[in-house]
Amino acid sequence: MKLSVVMPARDEEGSIGQTVAQIATALAVERIPFEIVVVDDGSTDQTAACLRQLIDRYPGVRLVSNTGRHGFGMAVRAGLAQATGEAIAIMMADGSDSPEDLVRYYRKVQEGYDCAFGSRFIQGSKIVDYPVHKLAINRLANWFIRILFRLRYNDITNAFKCYRRQAIEGMQPLISQHFNLTVEMPLKAIVRGYSYAVLPISWTNRKSGMSKLKIKEMGRRYLFIVLHVWLEHHLSRGDYLRREEAEEHATRHA
């Protein structure tokens, strides 16, 4: 099973080289067939130049330029359109996500799960240098989502997740243009009936560059997409469920 790692990058020259090299090395050691699709989302620094140097060292690395509208969600969607793997993971370019956790995600998808989700807030997880104000907002947002969707899973907002290709196809159309895509993808996978495993993961704050997530700007966008998926879940009458779930739903309501 080939693994595609989709990685949006905007002005990440200080971290992209090490991040990609560590991921490529970890996957090669595990003999996992892979590609790393780095999407340059309108960088004004040397991000693209750093990637071109890595391509010669790691044949699985690909550079894609997002020539359309910029934004985290748009960059991820551009990468998904180029990914060729049967399993697809979303990872951050700042080095905050662990390559070892990526391998564990892949193994779970190999076992047959449609999705592998991580949590930074369960036993066995680890977070390093998480800004206190962001942590408070994160926990409040995830609490709201858990209550609304009646979930036990407590880290929906984290971008780092892995999906089987059929789950990516089944959650279309994706509409988020910004960081709210990190919520749209797992919520659609869950409400449309795709199976998922939850693993404890680690997260380490970036060592260079600046976060592109602007909390004040994103609040209403997160709320919009959460309510959008909630309405789909309750009003679509099973129209978007995966095929097996849809057949069972139709039988129950015949």
# chains A, B, ... in the order shown; residues from 1 in each chain; ligands from 1

$ residues_around --residues "Ile122 in chain A" --least-positions-apart "3" --cutoff "10 Å" --atoms "only C-alpha atoms" --output "PyMOL selection string"
chain A and resi 118-119+125-126+153-155+198-201

$ select_by_dssp --residues "range 59-245 of chain A" --states "helix (DSSP H, G or I)" --output "count of residues only"
83

$ closest_residue --among "A:Asp41, A:Ser15, A:Leu54, A:Arg220" --to "Asn205 in chain A" --atoms "only C-alpha atoms"
A:Ser15

$ residues_around --residues "Glu111 in chain A" --least-positions-apart "3" --cutoff "12 Å" --atoms "only C-alpha atoms" --output "PyMOL selection string"
chain A and resi 1+87+104-108+114-116+164+195-197

$ select_by_dssp --residues "range 15-158 of chain A" --states "strand (DSSP E)" --output "list in words"
Phe34, Glu35, Ile36, Val37, Val38, Val39, Asp40, Val61, Arg62, Leu63, Val64, Ser65, Ala87, Ile88, Ala89, Ile90, Cys115, Ala116, Phe117, Gly118, Ser119, Lys126, Ile127 and Val128 of chain A

$ closest_atom_pairs --of "range 124-169 of chain A" --to "range 222-229 of chain A" --cutoff "12 Å" --atoms "only C-alpha atoms" --output "CSV"
residue,atom,partner,partner_atom,distance
A:Asn138,CA,A:Tyr222,CA,11.5
A:Ala141,CA,A:Tyr222,CA,8.9
A:Asn142,CA,A:Val226,CA,10.8
A:Phe144,CA,A:Val226,CA,9.7
A:Ile145,CA,A:Val226,CA,7.4
A:Arg146,CA,A:Val226,CA,10.8
A:Ile147,CA,A:Val226,CA,11.7
A:Leu148,CA,A:Val226,CA,8.9
A:Phe149,CA,A:Val226,CA,9.4
A:Ile156,CA,A:Val226,CA,10.6
A:Thr157,CA,A:Tyr222,CA,9.2

$ closest_residue --among "A:Arg221, A:Arg150, A:His234, A:Arg206" --to "Ala93 in chain A" --atoms "only C-alpha atoms"
A:Arg206

$ atom_distance --atom1 "CA of Val38 in chain A" --atom2 "CA of Met7 in chain A"
4.7 Å

$ atom_distance --atom1 "CA of Glu30 in chain A" --atom2 "CA of Asn158 in chain A"
24.6 Å

$ residues_around --residues "Ala9 in chain A" --least-positions-apart "2" --cutoff "12 Å" --atoms "only C-alpha atoms" --output "VMD selection string"
chain A and resid 6 to 7 11 to 17 19 to 20 37 to 48 50 to 51 63 to 66 70 to 76 78 to 79 90 to 95 209 to 212

$ write_last_selection --atoms "N, CA and C atoms" --output "short mmCIF file (atom, residue, chain, number, x, y, z; two decimals), in the first residue's frame"
data_model
loop_
_atom_site.label_atom_id
_atom_site.label_comp_id
_atom_site.auth_asym_id
_atom_site.auth_seq_id
_atom_site.Cartn_x
_atom_site.Cartn_y
_atom_site.Cartn_z
N VAL A 6 0.73 14.44 2.17
CA VAL A 6 0.42 15.75 1.61
C VAL A 6 0.81 16.81 2.64
N MET A 7 1.67 17.73 2.24
CA MET A 7 2.24 18.69 3.17
C MET A 7 2.16 20.11 2.59
N ASP A 11 6.23 29.65 3.23
CA ASP A 11 7.33 30.32 3.93
C ASP A 11 7.87 29.46 5.07
N GLU A 12 8.31 28.25 4.72
CA GLU A 12 8.81 27.29 5.70
C GLU A 12 10.26 26.91 5.41
N GLU A 13 11.05 27.85 4.88
CA GLU A 13 12.43 27.51 4.53
C GLU A 13 13.26 27.08 5.74
N GLY A 14 12.88 27.53 6.92
CA GLY A 14 13.66 27.19 8.11
C GLY A 14 13.43 25.78 8.62
N SER A 15 12.36 25.13 8.18
CA SER A 15 12.03 23.81 8.73
C SER A 15 11.74 22.74 7.68
N ILE A 16 11.42 23.13 6.47
CA ILE A 16 10.93 22.16 5.49
C ILE A 16 11.97 21.08 5.17
N GLY A 17 13.24 21.46 5.08
CA GLY A 17 14.27 20.49 4.74
C GLY A 17 14.38 19.37 5.76
N THR A 19 12.17 18.58 8.10
CA THR A 19 10.90 17.87 8.22
C THR A 19 10.77 16.78 7.17
N VAL A 20 10.99 17.14 5.92
CA VAL A 20 10.85 16.17 4.83
C VAL A 20 11.89 15.06 4.93
N VAL A 37 4.19 14.78 -1.07
CA VAL A 37 3.72 15.83 -1.98
C VAL A 37 3.70 17.15 -1.20
N VAL A 38 4.72 17.96 -1.42
CA VAL A 38 4.80 19.25 -0.74
C VAL A 38 4.17 20.31 -1.63
N VAL A 39 3.19 21.01 -1.10
CA VAL A 39 2.47 22.02 -1.88
C VAL A 39 2.95 23.40 -1.46
N ASP A 40 3.67 24.06 -2.34
CA ASP A 40 4.12 25.42 -2.08
C ASP A 40 2.94 26.36 -2.27
N ASP A 41 2.50 26.93 -1.16
CA ASP A 41 1.29 27.76 -1.18
C ASP A 41 1.63 29.24 -1.26
N GLY A 42 2.35 29.62 -2.31
CA GLY A 42 2.67 31.03 -2.52
C GLY A 42 3.78 31.54 -1.64
N SER A 43 4.78 30.72 -1.35
CA SER A 43 5.88 31.16 -0.49
C SER A 43 6.65 32.32 -1.12
N THR A 44 7.13 33.21 -0.26
CA THR A 44 7.96 34.34 -0.72
C THR A 44 9.41 34.18 -0.29
N ASP A 45 9.73 33.06 0.33
CA ASP A 45 11.10 32.80 0.77
C ASP A 45 11.69 31.68 -0.10
N GLN A 46 12.62 30.92 0.44
CA GLN A 46 13.32 29.89 -0.33
C GLN A 46 12.74 28.48 -0.11
N THR A 47 11.48 28.39 0.27
CA THR A 47 10.87 27.09 0.50
C THR A 47 10.98 26.19 -0.74
N ALA A 48 10.62 26.71 -1.90
CA ALA A 48 10.67 25.90 -3.13
C ALA A 48 12.09 25.48 -3.47
N CYS A 50 14.58 25.00 -1.38
CA CYS A 50 14.97 23.94 -0.44
C CYS A 50 14.41 22.60 -0.87
N LEU A 51 13.17 22.61 -1.35
CA LEU A 51 12.54 21.36 -1.79
C LEU A 51 13.23 20.79 -3.02
N LEU A 63 7.29 18.29 -5.59
CA LEU A 63 6.94 19.68 -5.33
C LEU A 63 5.79 20.08 -6.23
N VAL A 64 4.71 20.56 -5.62
CA VAL A 64 3.54 21.03 -6.35
C VAL A 64 3.32 22.50 -5.98
N SER A 65 3.05 23.33 -6.95
CA SER A 65 2.78 24.74 -6.70
C SER A 65 1.28 24.99 -6.74
N ASN A 66 0.77 25.56 -5.68
CA ASN A 66 -0.64 25.95 -5.67
C ASN A 66 -0.77 27.29 -6.38
N HIS A 70 -4.83 30.93 -2.53
CA HIS A 70 -4.01 30.41 -1.46
C HIS A 70 -4.81 30.24 -0.17
N GLY A 71 -4.26 29.45 0.72
CA GLY A 71 -4.90 29.13 1.98
C GLY A 71 -4.60 27.68 2.32
N PHE A 72 -4.54 27.36 3.60
CA PHE A 72 -4.18 26.00 4.02
C PHE A 72 -5.08 24.96 3.37
N GLY A 73 -6.38 25.19 3.42
CA GLY A 73 -7.31 24.23 2.85
C GLY A 73 -7.14 24.06 1.35
N MET A 74 -6.92 25.16 0.66
CA MET A 74 -6.73 25.10 -0.79
C MET A 74 -5.45 24.35 -1.13
N ALA A 75 -4.40 24.55 -0.33
CA ALA A 75 -3.13 23.86 -0.58
C ALA A 75 -3.29 22.36 -0.35
N VAL A 76 -3.98 21.97 0.72
CA VAL A 76 -4.20 20.55 0.97
C VAL A 76 -5.01 19.94 -0.17
N ALA A 78 -5.16 20.89 -3.22
CA ALA A 78 -4.29 20.78 -4.40
C ALA A 78 -3.39 19.56 -4.27
N GLY A 79 -2.90 19.29 -3.07
CA GLY A 79 -2.06 18.13 -2.85
C GLY A 79 -2.84 16.83 -2.98
N ILE A 90 -2.08 13.76 6.02
CA ILE A 90 -1.85 15.21 6.02
C ILE A 90 -0.87 15.50 7.15
N MET A 91 0.24 16.18 6.83
CA MET A 91 1.23 16.53 7.85
C MET A 91 1.63 17.98 7.70
N MET A 92 2.09 18.55 8.79
CA MET A 92 2.52 19.94 8.80
C MET A 92 3.99 20.05 8.40
N ALA A 93 4.34 21.17 7.76
CA ALA A 93 5.71 21.37 7.29
C ALA A 93 6.64 21.89 8.37
N ASP A 94 6.11 22.23 9.54
CA ASP A 94 6.92 22.85 10.58
C ASP A 94 7.62 21.87 11.50
N GLY A 95 7.45 20.58 11.24
CA GLY A 95 8.12 19.58 12.06
C GLY A 95 7.42 19.25 13.36
N GLY A 209 10.27 29.95 12.10
CA GLY A 209 9.12 30.44 11.36
C GLY A 209 7.96 30.78 12.27
N MET A 210 6.85 31.17 11.66
CA MET A 210 5.67 31.58 12.41
C MET A 210 4.47 30.77 11.97
N SER A 211 3.60 30.47 12.94
CA SER A 211 2.37 29.75 12.63
C SER A 211 1.50 30.59 11.70
N LYS A 212 0.85 29.92 10.74
CA LYS A 212 -0.03 30.61 9.80
C LYS A 212 -1.47 30.66 10.29
#

$ atom_distance --atom1 "CA of Arg192 in chain A" --atom2 "CA of Arg242 in chain A"
5.8 Å

$ closest_residue --among "A:Pro131, A:Gly124, A:Gly193, A:Pro59" --to "Ala28 in chain A" --atoms "only C-alpha atoms"
A:Pro59

$ closest_residue --among "A:Ala49, A:Leu80, A:Cys162, A:Ile23" --to "Ser98 in chain A" --atoms "only C-alpha atoms"
A:Ile23

$ closest_residue --among "A:His233, A:Lys188, A:Arg165, A:Lys207" --to "Glu86 in chain A" --atoms "only C-alpha atoms"
A:Arg165

$ decode --residues "range 86-102 of chain A" --atoms "all heavy atoms" --output "PDB file, in the first residue's frame"
ATOM      1  N   GLU A  86      -2.586   4.851  -1.994  1.00  0.00           N
ATOM      2  CA  GLU A  86      -3.824   4.250  -1.507  1.00  0.00           C
ATOM      3  C   GLU A  86      -4.152   4.731  -0.100  1.00  0.00           C
ATOM      4  O   GLU A  86      -5.299   4.649   0.334  1.00  0.00           O
ATOM      5  CB  GLU A  86      -3.697   2.737  -1.531  1.00  0.00           C
ATOM      6  CG  GLU A  86      -3.471   2.173  -2.937  1.00  0.00           C
ATOM      7  CD  GLU A  86      -2.973   0.740  -2.917  1.00  0.00           C
ATOM      8  OE1 GLU A  86      -2.945   0.144  -1.822  1.00  0.00           O
ATOM      9  OE2 GLU A  86      -2.606   0.223  -3.979  1.00  0.00           O
ATOM     10  N   ALA A  87      -3.134   5.185   0.625  1.00  0.00           N
ATOM     11  CA  ALA A  87      -3.313   5.831   1.924  1.00  0.00           C
ATOM     12  C   ALA A  87      -2.741   7.234   1.812  1.00  0.00           C
ATOM     13  O   ALA A  87      -1.712   7.444   1.162  1.00  0.00           O
ATOM     14  CB  ALA A  87      -2.599   5.050   3.023  1.00  0.00           C
ATOM     15  N   ILE A  88      -3.424   8.199   2.436  1.00  0.00           N
ATOM     16  CA  ILE A  88      -3.022   9.598   2.301  1.00  0.00           C
ATOM     17  C   ILE A  88      -3.010  10.248   3.681  1.00  0.00           C
ATOM     18  O   ILE A  88      -4.024  10.228   4.385  1.00  0.00           O
ATOM     19  CB  ILE A  88      -3.975  10.372   1.372  1.00  0.00           C
ATOM     20  CG1 ILE A  88      -4.040   9.702  -0.011  1.00  0.00           C
ATOM     21  CG2 ILE A  88      -3.547  11.836   1.248  1.00  0.00           C
ATOM     22  CD1 ILE A  88      -5.078  10.302  -0.943  1.00  0.00           C
ATOM     23  N   ALA A  89      -1.867  10.795   4.060  1.00  0.00           N
ATOM     24  CA  ALA A  89      -1.733  11.478   5.345  1.00  0.00           C
ATOM     25  C   ALA A  89      -1.523  12.969   5.123  1.00  0.00           C
ATOM     26  O   ALA A  89      -0.878  13.382   4.158  1.00  0.00           O
ATOM     27  CB  ALA A  89      -0.559  10.910   6.136  1.00  0.00           C
ATOM     28  N   ILE A  90      -2.077  13.764   6.019  1.00  0.00           N
ATOM     29  CA  ILE A  90      -1.848  15.207   6.024  1.00  0.00           C
ATOM     30  C   ILE A  90      -0.871  15.501   7.148  1.00  0.00           C
ATOM     31  O   ILE A  90      -1.103  15.113   8.300  1.00  0.00           O
ATOM     32  CB  ILE A  90      -3.149  16.004   6.272  1.00  0.00           C
ATOM     33  CG1 ILE A  90      -4.307  15.453   5.418  1.00  0.00           C
ATOM     34  CG2 ILE A  90      -2.911  17.481   6.038  1.00  0.00           C
ATOM     35  CD1 ILE A  90      -4.077  15.567   3.939  1.00  0.00           C
ATOM     36  N   MET A  91       0.238  16.180   6.831  1.00  0.00           N
ATOM     37  CA  MET A  91       1.228  16.525   7.845  1.00  0.00           C
ATOM     38  C   MET A  91       1.627  17.984   7.699  1.00  0.00           C
ATOM     39  O   MET A  91       1.527  18.577   6.608  1.00  0.00           O
ATOM     40  CB  MET A  91       2.471  15.645   7.734  1.00  0.00           C
ATOM     41  CG  MET A  91       2.233  14.188   8.035  1.00  0.00           C
ATOM     42  SD  MET A  91       3.774  13.229   8.181  1.00  0.00           S
ATOM     43  CE  MET A  91       4.342  13.721   9.821  1.00  0.00           C
ATOM     44  N   MET A  92       2.092  18.553   8.793  1.00  0.00           N
ATOM     45  CA  MET A  92       2.522  19.944   8.796  1.00  0.00           C
ATOM     46  C   MET A  92       3.994  20.053   8.399  1.00  0.00           C
ATOM     47  O   MET A  92       4.801  19.159   8.686  1.00  0.00           O
ATOM     48  CB  MET A  92       2.307  20.561  10.177  1.00  0.00           C
ATOM     49  CG  MET A  92       0.864  20.482  10.658  1.00  0.00           C
ATOM     50  SD  MET A  92      -0.293  21.355   9.573  1.00  0.00           S
ATOM     51  CE  MET A  92       0.057  23.059  10.034  1.00  0.00           C
ATOM     52  N   ALA A  93       4.341  21.166   7.765  1.00  0.00           N
ATOM     53  CA  ALA A  93       5.707  21.373   7.286  1.00  0.00           C
ATOM     54  C   ALA A  93       6.642  21.886   8.374  1.00  0.00           C
ATOM     55  O   ALA A  93       7.858  21.956   8.161  1.00  0.00           O
ATOM     56  CB  ALA A  93       5.699  22.357   6.113  1.00  0.00           C
ATOM     57  N   ASP A  94       6.106  22.234   9.540  1.00  0.00           N
ATOM     58  CA  ASP A  94       6.916  22.855  10.578  1.00  0.00           C
ATOM     59  C   ASP A  94       7.624  21.871  11.496  1.00  0.00           C
ATOM     60  O   ASP A  94       8.304  22.261  12.443  1.00  0.00           O
ATOM     61  CB  ASP A  94       6.065  23.817  11.413  1.00  0.00           C
ATOM     62  CG  ASP A  94       4.884  23.124  12.092  1.00  0.00           C
ATOM     63  OD1 ASP A  94       4.835  21.876  12.087  1.00  0.00           O
ATOM     64  OD2 ASP A  94       3.996  23.834  12.609  1.00  0.00           O
ATOM     65  N   GLY A  95       7.453  20.583  11.237  1.00  0.00           N
ATOM     66  CA  GLY A  95       8.122  19.579  12.063  1.00  0.00           C
ATOM     67  C   GLY A  95       7.422  19.253  13.362  1.00  0.00           C
ATOM     68  O   GLY A  95       7.979  18.553  14.208  1.00  0.00           O
ATOM     69  N   SER A  96       6.197  19.713  13.527  1.00  0.00           N
ATOM     70  CA  SER A  96       5.489  19.469  14.786  1.00  0.00           C
ATOM     71  C   SER A  96       4.975  18.038  14.908  1.00  0.00           C
ATOM     72  O   SER A  96       4.740  17.550  16.014  1.00  0.00           O
ATOM     73  CB  SER A  96       4.320  20.450  14.928  1.00  0.00           C
ATOM     74  OG  SER A  96       3.425  20.340  13.842  1.00  0.00           O
ATOM     75  N   ASP A  97       4.789  17.360  13.772  1.00  0.00           N
ATOM     76  CA  ASP A  97       4.259  16.004  13.774  1.00  0.00           C
ATOM     77  C   ASP A  97       5.390  14.982  13.729  1.00  0.00           C
ATOM     78  O   ASP A  97       6.427  15.205  13.114  1.00  0.00           O
ATOM     79  CB  ASP A  97       3.324  15.801  12.582  1.00  0.00           C
ATOM     80  CG  ASP A  97       2.186  16.799  12.559  1.00  0.00           C
ATOM     81  OD1 ASP A  97       1.641  17.087  13.639  1.00  0.00           O
ATOM     82  OD2 ASP A  97       1.852  17.301  11.462  1.00  0.00           O
ATOM     83  N   SER A  98       5.158  13.840  14.334  1.00  0.00           N
ATOM     84  CA  SER A  98       6.198  12.818  14.474  1.00  0.00           C
ATOM     85  C   SER A  98       6.176  11.815  13.319  1.00  0.00           C
ATOM     86  O   SER A  98       5.132  11.210  13.043  1.00  0.00           O
ATOM     87  CB  SER A  98       5.997  12.065  15.792  1.00  0.00           C
ATOM     88  OG  SER A  98       6.730  10.857  15.805  1.00  0.00           O
ATOM     89  N   PRO A  99       7.311  11.593  12.660  1.00  0.00           N
ATOM     90  CA  PRO A  99       7.379  10.550  11.623  1.00  0.00           C
ATOM     91  C   PRO A  99       7.062   9.160  12.171  1.00  0.00           C
ATOM     92  O   PRO A  99       6.499   8.326  11.468  1.00  0.00           O
ATOM     93  CB  PRO A  99       8.831  10.642  11.135  1.00  0.00           C
ATOM     94  CG  PRO A  99       9.254  12.040  11.433  1.00  0.00           C
ATOM     95  CD  PRO A  99       8.559  12.383  12.718  1.00  0.00           C
ATOM     96  N   GLU A 100       7.425   8.899  13.413  1.00  0.00           N
ATOM     97  CA  GLU A 100       7.127   7.600  14.017  1.00  0.00           C
ATOM     98  C   GLU A 100       5.611   7.412  14.157  1.00  0.00           C
ATOM     99  O   GLU A 100       5.085   6.306  13.952  1.00  0.00           O
ATOM    100  CB  GLU A 100       7.795   7.477  15.389  1.00  0.00           C
ATOM    101  CG  GLU A 100       9.311   7.344  15.341  1.00  0.00           C
ATOM    102  CD  GLU A 100      10.020   8.652  14.981  1.00  0.00           C
ATOM    103  OE1 GLU A 100       9.433   9.748  15.204  1.00  0.00           O
ATOM    104  OE2 GLU A 100      11.151   8.578  14.470  1.00  0.00           O
ATOM    105  N   ASP A 101       4.903   8.484  14.493  1.00  0.00           N
ATOM    106  CA  ASP A 101       3.446   8.407  14.565  1.00  0.00           C
ATOM    107  C   ASP A 101       2.854   8.180  13.176  1.00  0.00           C
ATOM    108  O   ASP A 101       1.844   7.484  13.029  1.00  0.00           O
ATOM    109  CB  ASP A 101       2.864   9.681  15.172  1.00  0.00           C
ATOM    110  CG  ASP A 101       3.174   9.816  16.656  1.00  0.00           C
ATOM    111  OD1 ASP A 101       3.385   8.778  17.315  1.00  0.00           O
ATOM    112  OD2 ASP A 101       3.212  10.960  17.149  1.00  0.00           O
ATOM    113  N   LEU A 102       3.458   8.755  12.152  1.00  0.00           N
ATOM    114  CA  LEU A 102       3.002   8.531  10.780  1.00  0.00           C
ATOM    115  C   LEU A 102       3.076   7.048  10.428  1.00  0.00           C
ATOM    116  O   LEU A 102       2.147   6.495   9.810  1.00  0.00           O
ATOM    117  CB  LEU A 102       3.848   9.346   9.811  1.00  0.00           C
ATOM    118  CG  LEU A 102       3.589   9.109   8.320  1.00  0.00           C
ATOM    119  CD1 LEU A 102       2.160   9.510   7.938  1.00  0.00           C
ATOM    120  CD2 LEU A 102       4.604   9.876   7.470  1.00  0.00           C
TER     121      LEU A 102
END
